[in-house]
$ cat work_37.csv   # CSV, C-alpha atoms and all ligand atoms
chain,number,residue,atom,x,y,z
A,1,MET,CA,114.0,206.9,72.8
A,2,THR,CA,117.5,207.0,74.4
A,3,ALA,CA,118.6,204.4,77.0
A,4,ALA,CA,118.4,207.2,79.6
A,5,ASP,CA,114.8,207.8,78.6
A,6,GLU,CA,114.1,204.1,79.2
A,7,LEU,CA,115.3,204.5,82.8
A,8,LEU,CA,113.5,207.8,83.3
A,9,ALA,CA,110.2,206.3,82.3
A,10,ASP,CA,110.2,204.8,85.8
A,11,LEU,CA,110.7,208.2,87.5
A,12,ASP,CA,106.9,208.6,88.2
A,13,ALA,CA,106.9,205.2,90.0
A,14,ILE,CA,109.9,205.9,92.2
A,15,GLU,CA,109.0,209.6,92.9
A,16,PRO,CA,106.7,209.2,96.0
A,17,TRP,CA,109.3,207.2,97.9
A,18,HIS,CA,112.0,209.8,97.1
A,19,LEU,CA,109.9,212.8,97.9
A,20,ASP,CA,109.2,211.2,101.3
A,21,LEU,CA,112.9,210.7,101.8
A,22,TYR,CA,113.6,214.4,100.8
A,23,GLN,CA,111.1,215.7,103.3
A,24,ASP,CA,112.6,213.4,106.0
A,25,LEU,CA,116.1,214.7,105.3
A,26,HIS,CA,114.9,218.3,105.2
A,27,ARG,CA,113.3,217.9,108.6
A,28,HIS,CA,116.4,216.3,110.0
A,29,PRO,CA,119.4,218.4,108.8
A,30,GLU,CA,122.8,217.7,110.2
A,31,LEU,CA,125.9,219.9,110.5
A,32,SER,CA,129.2,219.2,108.7
A,33,PHE,CA,130.9,216.0,109.8
A,34,GLN,CA,127.8,215.2,111.9
A,35,GLU,CA,125.8,213.5,109.1
A,36,HIS,CA,125.3,210.2,110.9
A,37,ARG,CA,121.6,209.8,110.4
A,38,THR,CA,121.8,210.9,106.8
A,39,ALA,CA,124.6,208.5,106.1
A,40,GLY,CA,122.7,205.7,107.8
A,41,LEU,CA,119.7,206.3,105.6
A,42,VAL,CA,121.8,206.3,102.5
A,43,GLU,CA,123.7,203.2,103.5
A,44,ASP,CA,120.4,201.3,104.1
A,45,ARG,CA,119.1,202.4,100.7
A,46,LEU,CA,122.2,201.6,98.7
A,47,THR,CA,122.4,198.1,100.4
A,48,GLU,CA,118.8,197.4,99.5
A,49,LEU,CA,119.5,198.4,95.9
A,50,GLY,CA,122.4,195.9,95.7
A,51,TYR,CA,125.3,198.3,95.9
A,52,GLU,CA,128.5,197.3,97.6
A,53,VAL,CA,128.7,199.9,100.4
A,54,HIS,CA,131.8,201.3,102.1
A,55,THR,CA,131.2,203.6,105.1
A,56,GLY,CA,133.2,205.8,107.4
A,57,ILE,CA,135.5,207.3,104.7
A,58,GLY,CA,136.7,210.7,106.0
A,59,GLY,CA,134.3,210.7,108.9
A,60,THR,CA,130.7,210.2,107.8
A,61,GLY,CA,131.4,209.8,104.0
A,62,LEU,CA,130.3,206.7,102.2
A,63,VAL,CA,130.2,205.1,98.7
A,64,GLY,CA,128.1,202.6,97.0
A,65,VAL,CA,129.6,200.6,94.1
A,66,LEU,CA,127.5,198.8,91.5
A,67,ARG,CA,129.5,196.6,89.0
A,68,ASN,CA,127.7,195.8,85.9
A,69,GLY,CA,130.1,194.3,83.3
A,70,ASP,CA,132.7,195.9,81.2
A,71,GLY,CA,132.7,199.6,80.5
A,72,PRO,CA,133.6,203.0,82.1
A,73,VAL,CA,133.8,203.6,85.8
A,74,VAL,CA,131.7,206.6,86.6
A,75,LEU,CA,131.6,208.4,89.9
A,76,ALA,CA,128.7,210.6,90.9
A,77,ARG,CA,128.9,212.7,94.1
A,78,ALA,CA,126.3,214.3,96.4
A,79,ASP,CA,127.1,216.3,99.5
A,80,MET,CA,125.1,215.7,102.7
A,81,ASP,CA,125.6,218.5,105.2
A,82,ALA,CA,123.3,221.4,106.3
A,83,LEU,CA,124.0,224.9,107.8
A,84,PRO,CA,123.7,226.6,111.1
A,85,VAL,CA,120.7,228.6,109.9
A,86,ARG,CA,117.2,229.0,111.5
A,87,GLU,CA,114.7,228.0,108.9
A,88,ALA,CA,112.1,230.6,107.9
A,89,SER,CA,110.7,228.9,104.7
A,90,GLY,CA,107.3,228.3,106.2
A,91,LEU,CA,107.2,224.9,104.5
A,92,PRO,CA,105.2,222.1,106.1
A,93,TYR,CA,108.4,220.0,106.3
A,94,ALA,CA,110.6,222.9,107.6
A,95,SER,CA,113.4,222.0,110.0
A,96,THR,CA,113.1,222.8,113.8
A,97,ALA,CA,116.4,221.0,114.5
A,98,ILE,CA,118.9,222.2,117.0
A,99,ALA,CA,122.5,220.9,117.1
A,100,THR,CA,125.7,221.5,119.0
A,101,ASP,CA,128.3,222.9,116.7
A,102,ALA,CA,132.1,222.2,116.7
A,103,SER,CA,132.7,224.9,119.3
A,104,GLY,CA,130.1,223.5,121.7
A,105,HIS,CA,127.4,226.1,121.0
A,106,GLU,CA,123.7,225.1,120.3
A,107,THR,CA,122.5,226.3,116.9
A,108,PRO,CA,119.4,225.9,114.8
A,109,VAL,CA,120.2,223.8,111.6
A,110,MET,CA,118.6,224.0,108.1
A,111,HIS,CA,119.2,222.4,104.7
A,112,ALA,CA,119.6,226.0,103.3
A,113,CYS,CA,121.9,224.9,100.5
A,114,GLY,CA,119.8,222.1,99.1
A,115,HIS,CA,122.2,219.2,99.9
A,116,ASP,CA,119.1,217.1,100.9
A,117,MET,CA,118.0,217.5,97.3
A,118,HIS,CA,121.4,216.4,96.0
A,119,VAL,CA,121.3,213.2,98.2
A,120,THR,CA,117.7,212.4,97.0
A,121,CYS,CA,118.4,212.9,93.3
A,122,LEU,CA,121.6,210.7,93.4
A,123,LEU,CA,119.7,207.9,95.2
A,124,ALA,CA,117.0,208.1,92.6
A,125,ALA,CA,119.6,207.8,89.8
A,126,ALA,CA,121.2,204.9,91.7
A,127,GLN,CA,117.9,203.1,91.9
A,128,LEU,CA,117.1,203.6,88.2
A,129,LEU,CA,120.5,202.2,87.3
A,130,ALA,CA,120.1,199.2,89.6
A,131,ASP,CA,116.6,198.5,88.2
A,132,HIS,CA,117.7,198.6,84.6
A,133,ARG,CA,121.0,196.7,84.5
A,134,SER,CA,120.4,195.4,81.0
A,135,ALA,CA,120.3,199.0,79.6
A,136,TRP,CA,123.9,199.8,80.4
A,137,SER,CA,127.3,198.4,81.3
A,138,GLY,CA,130.2,199.6,83.4
A,139,THR,CA,130.6,200.5,87.1
A,140,VAL,CA,128.8,203.2,89.0
A,141,ILE,CA,130.2,204.7,92.2
A,142,ALA,CA,127.6,206.8,94.1
A,143,LEU,CA,129.6,208.9,96.6
A,144,PHE,CA,128.0,210.8,99.5
A,145,GLN,CA,130.3,213.4,101.0
A,146,PRO,CA,130.3,215.1,104.4
A,147,ALA,CA,131.2,218.7,105.2
A,148,GLU,CA,131.0,220.5,101.9
A,149,GLU,CA,130.1,223.7,103.7
A,150,LEU,CA,133.5,223.7,105.5
A,151,GLY,CA,135.4,223.0,102.2
A,152,THR,CA,137.1,220.0,103.9
A,153,GLY,CA,134.8,217.0,103.5
A,154,ALA,CA,135.9,216.0,100.0
A,155,ARG,CA,139.6,216.2,101.0
A,156,ALA,CA,138.8,214.2,104.2
A,157,MET,CA,137.4,211.4,102.0
A,158,VAL,CA,140.5,211.4,99.7
A,159,GLU,CA,142.8,211.4,102.7
A,160,GLY,CA,140.6,208.8,104.5
A,161,GLY,CA,141.5,206.2,101.9
A,162,LEU,CA,138.8,206.6,99.3
A,163,ALA,CA,141.1,205.4,96.4
A,164,ALA,CA,141.7,202.1,98.1
A,165,ARG,CA,138.0,201.4,98.5
A,166,ILE,CA,136.8,202.0,95.0
A,167,PRO,CA,137.8,201.2,91.4
A,168,ARG,CA,139.6,204.2,89.8
A,169,PRO,CA,136.9,206.4,88.1
A,170,ASP,CA,137.3,207.4,84.4
A,171,VAL,CA,135.1,210.4,85.1
A,172,ALA,CA,133.4,212.2,88.0
A,173,LEU,CA,130.1,214.1,88.0
A,174,GLY,CA,128.5,216.4,90.5
A,175,GLN,CA,125.6,218.9,90.6
A,176,HIS,CA,124.0,221.6,92.7
A,177,VAL,CA,120.6,223.1,93.0
A,178,MET,CA,120.7,226.9,92.7
A,179,GLY,CA,118.7,230.0,91.8
A,180,LEU,CA,117.5,229.1,88.3
A,181,PRO,CA,114.1,227.9,87.0
A,182,TYR,CA,113.3,224.3,88.0
A,183,ASP,CA,113.2,223.2,84.4
A,184,THR,CA,116.7,224.4,83.6
A,185,VAL,CA,120.1,222.7,83.7
A,186,ALA,CA,123.3,224.8,83.2
A,187,SER,CA,126.9,223.7,82.6
A,188,ARG,CA,130.1,225.2,81.2
A,189,PRO,CA,133.5,224.0,80.1
A,190,GLY,CA,136.5,225.3,82.0
A,191,PRO,CA,136.3,227.3,85.3
A,192,ALA,CA,132.8,227.3,86.6
A,193,LEU,CA,133.1,228.0,90.3
A,194,SER,CA,135.9,230.0,92.0
A,195,ALA,CA,138.7,229.0,94.3
A,196,ALA,CA,138.4,230.6,97.7
A,197,ASP,CA,140.4,231.3,100.8
A,198,SER,CA,139.5,232.9,104.1
A,199,ILE,CA,142.3,234.7,106.0
A,200,ARG,CA,142.4,235.9,109.6
A,201,ILE,CA,145.0,238.7,109.9
A,202,THR,CA,146.1,239.9,113.2
A,203,LEU,CA,147.7,243.4,113.3
A,204,HIS,CA,149.6,244.4,116.4
A,205,GLY,CA,149.6,247.9,117.9
A,206,ARG,CA,150.5,249.2,121.4
A,207,GLY,CA,147.7,249.9,123.8
A,208,THR,CA,147.4,253.2,125.7
A,209,HIS,CA,145.0,255.8,127.1
A,210,GLY,CA,142.8,257.3,124.4
A,211,SER,CA,143.9,260.8,125.5
A,212,MET,CA,147.6,260.0,125.1
A,213,PRO,CA,147.9,258.5,121.6
A,214,HIS,CA,151.6,259.4,121.3
A,215,PHE,CA,152.4,256.7,123.9
A,216,GLY,CA,150.8,253.9,121.8
A,217,ILE,CA,150.6,252.6,118.2
A,218,ASP,CA,146.9,252.7,117.1
A,219,PRO,CA,145.9,249.3,115.5
A,220,ILE,CA,142.5,250.8,114.5
A,221,LEU,CA,144.2,253.5,112.3
A,222,LEU,CA,146.6,250.8,111.0
A,223,GLY,CA,143.7,248.5,110.2
A,224,SER,CA,141.8,251.3,108.5
A,225,ALA,CA,144.8,252.0,106.2
A,226,VAL,CA,145.1,248.3,105.5
A,227,VAL,CA,141.4,248.0,104.5
A,228,MET,CA,141.6,251.0,102.2
A,229,ARG,CA,144.7,249.6,100.4
A,230,LEU,CA,143.3,246.0,100.2
A,231,ASN,CA,140.3,247.3,98.3
A,232,ALA,CA,142.6,248.6,95.6
A,233,ILE,CA,144.1,245.2,94.8
A,234,VAL,CA,141.4,244.1,92.4
A,235,SER,CA,140.9,247.5,90.8
A,236,ARG,CA,144.6,248.4,90.4
A,237,GLU,CA,146.6,245.2,90.3
A,238,LEU,CA,144.4,242.7,88.3
A,239,ALA,CA,144.0,243.3,84.6
A,240,PRO,CA,140.6,244.9,83.9
A,241,GLY,CA,138.1,242.2,83.2
A,242,HIS,CA,140.2,239.5,85.0
A,243,PHE,CA,138.1,237.9,87.8
A,244,GLY,CA,139.1,238.2,91.4
A,245,VAL,CA,137.4,239.2,94.7
A,246,VAL,CA,138.9,240.5,97.9
A,247,THR,CA,136.4,241.2,100.7
A,248,VAL,CA,137.1,242.3,104.2
A,249,GLY,CA,134.2,240.7,106.0
A,250,ALA,CA,135.1,241.6,109.6
A,251,PHE,CA,137.1,244.3,111.4
A,252,GLN,CA,137.4,243.6,115.1
A,253,SER,CA,139.2,245.9,117.5
A,254,GLY,CA,138.8,247.9,120.7
A,255,SER,CA,136.2,247.9,123.5
A,256,LYS,CA,136.0,251.5,124.9
A,257,SER,CA,136.1,255.1,123.6
A,258,ASN,CA,139.1,256.1,125.7
A,259,VAL,CA,141.3,253.1,125.2
A,260,ILE,CA,143.6,252.5,122.3
A,261,PRO,CA,143.6,248.7,121.9
A,262,GLU,CA,146.5,246.3,121.5
A,263,SER,CA,145.5,244.7,118.2
A,264,THR,CA,143.1,244.5,115.3
A,265,THR,CA,141.8,241.4,113.7
A,266,LEU,CA,140.6,241.4,110.0
A,267,LEU,CA,138.7,238.5,108.4
A,268,LEU,CA,139.2,238.4,104.6
A,269,ASN,CA,137.7,236.3,101.9
A,270,LEU,CA,139.2,236.0,98.4
A,271,ARG,CA,138.1,234.3,95.2
A,272,ALA,CA,139.8,233.5,91.9
A,273,TYR,CA,139.3,231.2,88.9
A,274,ASP,CA,142.9,230.0,88.7
A,275,ASP,CA,145.8,229.3,91.0
A,276,ARG,CA,148.0,232.1,89.5
A,277,THR,CA,145.5,234.8,90.3
A,278,ARG,CA,144.9,233.2,93.7
A,279,LYS,CA,148.6,233.4,94.5
A,280,GLN,CA,148.8,237.0,93.1
A,281,LEU,CA,146.0,238.1,95.4
A,282,ARG,CA,147.5,236.4,98.5
A,283,ALA,CA,150.9,238.0,97.7
A,284,ALA,CA,149.4,241.4,97.3
A,285,ILE,CA,147.4,241.1,100.6
A,286,GLU,CA,150.5,240.1,102.5
A,287,ARG,CA,152.7,242.8,100.9
A,288,ILE,CA,150.2,245.5,101.8
A,289,VAL,CA,149.6,244.3,105.3
A,290,ARG,CA,153.4,244.0,106.1
A,291,ALA,CA,154.1,247.4,104.6
A,292,GLU,CA,151.4,249.2,106.5
A,293,CYS,CA,152.6,247.5,109.7
A,294,GLU,CA,156.0,248.8,109.0
A,295,ALA,CA,154.6,252.3,108.2
A,296,SER,CA,152.9,252.3,111.6
A,297,GLY,CA,155.9,251.1,113.5
A,298,SER,CA,154.0,248.0,114.6
A,299,PRO,CA,155.8,246.2,117.5
A,300,ALA,CA,155.4,242.7,116.1
A,301,PRO,CA,154.9,241.3,112.6
A,302,PRO,CA,151.4,240.6,111.4
A,303,GLU,CA,150.0,237.1,111.5
A,304,PHE,CA,148.2,235.4,108.6
A,305,ASP,CA,146.0,232.4,109.3
A,306,TYR,CA,144.6,230.8,106.1
A,307,THR,CA,141.4,228.8,106.6
A,308,ASP,CA,138.5,227.2,104.6
A,309,PRO,CA,140.4,226.8,101.3
A,310,PHE,CA,138.2,225.8,98.3
A,311,PRO,CA,139.7,224.5,95.1
A,312,VAL,CA,138.7,226.0,91.7
A,313,THR,CA,136.0,224.0,89.9
A,314,ASP,CA,137.5,223.7,86.4
A,315,ASN,CA,135.3,221.5,84.2
A,316,SER,CA,136.9,219.2,81.6
A,317,PRO,CA,135.9,220.4,78.1
A,318,GLN,CA,135.7,216.8,76.9
A,319,VAL,CA,133.3,215.7,79.7
A,320,HIS,CA,131.3,218.9,79.2
A,321,ASP,CA,131.0,218.2,75.4
A,322,ARG,CA,129.6,214.7,76.1
A,323,VAL,CA,127.3,215.4,79.0
A,324,SER,CA,126.0,218.8,77.7
A,325,ALA,CA,125.1,217.1,74.4
A,326,ALA,CA,123.1,214.5,76.3
A,327,PHE,CA,121.5,217.3,78.4
A,328,THR,CA,120.4,219.1,75.2
A,329,GLU,CA,119.0,215.8,73.8
A,330,HIS,CA,116.9,215.4,76.9
A,331,PHE,CA,116.1,218.9,78.1
A,332,GLY,CA,116.1,220.7,74.7
A,333,ASP,CA,116.5,224.5,75.1
A,334,LYS,CA,116.3,224.2,78.9
A,335,ALA,CA,119.9,222.9,78.8
A,336,VAL,CA,121.9,226.2,78.8
A,337,LEU,CA,125.4,227.5,79.2
A,338,MET,CA,126.2,228.3,82.8
A,339,GLU,CA,127.5,231.7,83.7
A,340,PRO,CA,130.7,231.4,85.8
A,341,SER,CA,129.8,231.6,89.4
A,342,THR,CA,131.8,233.4,92.1
A,343,GLY,CA,130.6,230.7,94.6
A,344,SER,CA,132.9,227.8,95.5
A,345,GLU,CA,132.8,224.1,96.0
A,346,ASP,CA,135.1,221.4,97.3
A,347,PHE,CA,133.8,218.7,94.8
A,348,SER,CA,136.9,218.9,92.6
A,349,ASP,CA,139.1,217.7,95.4
A,350,ILE,CA,137.7,214.2,94.8
A,351,PRO,CA,138.4,213.8,91.1
A,352,ASN,CA,141.7,215.7,91.5
A,353,GLY,CA,142.6,213.3,94.3
A,354,LEU,CA,141.7,210.3,92.1
A,355,GLY,CA,143.1,211.7,88.8
A,356,ALA,CA,139.8,211.8,87.0
A,357,PRO,CA,138.3,214.5,84.7
A,358,TYR,CA,135.0,215.9,85.8
A,359,LEU,CA,131.9,218.0,85.2
A,360,TYR,CA,130.0,220.0,87.8
A,361,TRP,CA,126.7,221.5,86.7
A,362,ILE,CA,123.8,223.4,88.3
A,363,TRP,CA,120.1,223.1,88.0
A,364,GLY,CA,117.2,225.3,89.2
A,365,GLY,CA,114.7,225.0,92.0
A,366,PHE,CA,112.3,227.9,91.4
A,367,ASP,CA,109.1,228.6,89.5
A,368,PRO,CA,110.0,229.4,85.9
A,369,ASP,CA,107.3,232.1,85.6
A,370,ASP,CA,108.4,233.9,88.8
A,371,TYR,CA,112.0,233.6,87.8
A,372,ARG,CA,111.6,235.0,84.3
A,373,ARG,CA,109.4,237.8,85.5
A,374,ALA,CA,111.9,238.8,88.2
A,375,ALA,CA,114.8,238.5,85.8
A,376,ALA,CA,113.0,240.8,83.3
A,377,GLU,CA,112.2,243.3,86.1
A,378,GLY,CA,115.7,243.1,87.5
A,379,THR,CA,114.4,242.0,90.9
A,380,LEU,CA,115.9,238.5,91.0
A,381,ALA,CA,117.8,239.2,94.2
A,382,SER,CA,114.7,240.1,96.1
A,383,THR,CA,112.4,237.5,94.6
A,384,ILE,CA,114.4,234.3,94.6
A,385,PRO,CA,116.0,233.4,97.9
A,386,GLY,CA,119.7,232.5,97.4
A,387,ASN,CA,121.4,229.4,98.7
A,388,HIS,CA,122.1,229.8,102.5
A,389,ALA,CA,119.1,232.1,103.0
A,390,SER,CA,116.7,231.1,105.8
A,391,THR,CA,113.9,231.2,103.2
A,392,PHE,CA,115.7,229.0,100.6
A,393,ALA,CA,113.0,226.6,99.4
A,394,PRO,CA,113.3,224.7,96.1
A,395,VAL,CA,109.9,223.7,94.7
A,396,MET,CA,110.1,220.1,95.7
A,397,GLU,CA,108.5,218.0,92.9
A,398,PRO,CA,109.8,219.6,89.7
A,399,THR,CA,113.2,220.3,91.3
A,400,PHE,CA,113.5,216.6,92.2
A,401,ARG,CA,112.5,215.5,88.7
A,402,THR,CA,115.0,217.8,87.0
A,403,GLY,CA,117.9,216.9,89.3
A,404,ALA,CA,117.2,213.1,89.2
A,405,SER,CA,116.9,213.3,85.4
A,406,ALA,CA,120.1,215.3,84.9
A,407,MET,CA,122.1,212.9,87.1
A,408,THR,CA,120.7,209.9,85.3
A,409,VAL,CA,121.2,211.4,81.8
A,410,ALA,CA,124.8,212.4,82.7
A,411,LEU,CA,125.7,208.9,84.1
A,412,MET,CA,124.1,207.2,81.1
A,413,SER,CA,126.0,209.3,78.6
A,414,TYR,CA,129.1,207.4,79.8
A,415,LEU,CA,127.6,204.0,80.7
A,416,THR,CA,126.1,203.4,77.2
A,417,SER,CA,129.2,204.5,75.3
A,418,SER,CA,130.6,201.1,74.2
A,501,ZN,ZN,126.4,226.0,100.6
A,502,ZN,ZN,125.9,223.7,98.6
$ encode --input "work_37.csv" --output "structure tokens"
Amino acid sequence: MTAADELLADLDAIEPWHLDLYQDLHRHPELSFQEHRTAGLVEDRLTELGYEVHTGIGGTGLVGVLRNGDGPVVLARADMDALPVREASGLPYASTAIATDASGHETPVMHACGHDMHVTCLLAAAQLLADHRSAWSGTVIALFQPAEELGTGARAMVEGGLAARIPRPDVALGQHVMGLPYDTVASRPGPALSAADSIRITLHGRGTHGSMPHFGIDPILLGSAVVMRLNAIVSRELAPGHFGVVTVGAFQSGSKSNVIPESTTLLLNLRAYDDRTRKQLRAAIERIVRAECEASGSPAPPEFDYTDPFPVTDNSPQVHDRVSAAFTEHFGDKAVLMEPSTGSEDFSDIPNGLGAPYLYWIWGGFDPDDYRRAAAEGTLASTIPGNHASTFAPVMEPTFRTGASAMTVALMSYLTSS
């Protein structure tokens, strides 16, 4: 029996309290940077467990520190925010919450990305460590982050003075519940999640009557040429097999059939696994847009507004070796190699800001039989609701057990190292 197993023998005893907390968080989701109630519940719990708690880091972010003798300093992170989505899961504990978003609009809110599960699992691991101090030594930092969904919460904590409030971590750990069976934990060394940028591009034309196009410069035709060319970047400029995504998610222009409008706005999203590719994609986009504006005789240069930057999640091979070995010891053949994901996360801003190596892994929330049947039939996309779907609904109890176990096993792989 490993030291982690000794802690996890108590999971049955602490599970009811944590499942109550999970349902409570799920019923009361909060938008990014509005996680006041959630942070308050976490603060109360960490204080009860004997952690030294620091609140208000980067808005609603907080940390609990538990010092337990000599040994490594290990940081574990959970994100707390929910999404502006109307829940359609049909669960007895479904959210009916309404909140006011940053632009003053009322919106339904839902934990459609499972961050309520992340908070619950990290608190469970925090309790198991607090209850079994003789089984390990070192320092644990349990970090609860705001606003992951905006890609800015992790950076807000770093810029909000995180480093001054905590001992410097030797390693950082994070996890996410995703579309896998609930008995499965997946990790990989190297790039695991992509870097991302959103770009708002404004193209300027000259408005005129729709019957007299020769008096104007048509920004819809200009925008159309831009969209066609942008879609050739990945297929013609990146080496075949090299990962990159350029998506035009919105094309906004015009209001009436007989008016040529003044401008066109494009909203783009791009993804890459390294900064060199990210820069290459940005440069190609800007080059094409400027050249097409020139070709159209655009009266003003195009404008580029970069928003929602997410860093690449590039797992340390050394941390992966250690933690994945512990996962295999605990989960057996349900500890698997993760496929690189085209999704993005801001977790790595925290270890990067603190100079620590890190591992970010995923685990599943769905019935293994349903999952494997759908995978065999090629119907996964229609059977398993993805993160951010209004029907996203991890199966509560086994998902909690796997997530709480994975976090405990990973923490203990460092805290019992001496
Ligand atoms: Zn999300
Ligand atoms: Zn998420």
$ closest_atom_pairs --input "work_37.csv" --of "chain A" --to "ligand ZN 502 (chain A)" --cutoff "8 Å" --atoms "all atoms listed in the file" --output "JSON lines"
{"residue": "A:Asp79", "atom": "CA", "partner": "A:ZN502", "partner_atom": "ZN", "distance": 7.6}
{"residue": "A:Cys113", "atom": "CA", "partner": "A:ZN502", "partner_atom": "ZN", "distance": 4.6}
{"residue": "A:Gly114", "atom": "CA", "partner": "A:ZN502", "partner_atom": "ZN", "distance": 6.3}
{"residue": "A:His115", "atom": "CA", "partner": "A:ZN502", "partner_atom": "ZN", "distance": 6.0}
{"residue": "A:Glu148", "atom": "CA", "partner": "A:ZN502", "partner_atom": "ZN", "distance": 6.9}
{"residue": "A:Glu149", "atom": "CA", "partner": "A:ZN502", "partner_atom": "ZN", "distance": 6.6}
{"residue": "A:His176", "atom": "CA", "partner": "A:ZN502", "partner_atom": "ZN", "distance": 6.5}
{"residue": "A:Val177", "atom": "CA", "partner": "A:ZN502", "partner_atom": "ZN", "distance": 7.7}
{"residue": "A:Glu345", "atom": "CA", "partner": "A:ZN502", "partner_atom": "ZN", "distance": 7.4}
{"residue": "A:Asn387", "atom": "CA", "partner": "A:ZN502", "partner_atom": "ZN", "distance": 7.3}
$ residues_near_ligand --input "work_37.csv" --ligand "ligand ZN 501 (chain A)" --cutoff "12 Å" --atoms "only C-alpha atoms and all ligand atoms" --output "PyMOL selection string"
chain A and resi 31-32+79-85+110-116+118+147-151+176-178+343-347+386-389+392
$ closest_residue --input "work_37.csv" --among "A:His214, A:His28, A:Ile14, A:Ala284" --to "A:Arg236" --atoms "all atoms listed in the file"
A:Ala284
$ closest_residue --input "work_37.csv" --among "A:Asn231, A:Thr120, A:Ser316, A:Gln34" --to "A:Ala99" --atoms "only C-alpha atoms"
A:Gln34
$ residues_around --input "work_37.csv" --residues "A:Ala142" --least-positions-apart "6" --cutoff "8 Å" --atoms "only C-alpha atoms" --output "list in words"
Val63, Gly64, Val65, Leu75, Ala76, Arg77, Ala78, Leu122 and Ala126 of chain A
$ atom_distance --input "work_37.csv" --atom1 "atom CA of A:Asp197" --atom2 "atom CA of A:Tyr306"
6.8 Å
$ closest_residue --input "work_37.csv" --among "A:Gly69, A:Arg322, A:Leu180, A:Gly355" --to "A:Thr383" --atoms "only C-alpha atoms"
A:Leu180
$ closest_residue --input "work_37.csv" --among "A:Gly50, A:Gly174, A:Pro309, A:Pro240" --to "A:Ile199" --atoms "only C-alpha atoms"
A:Pro309
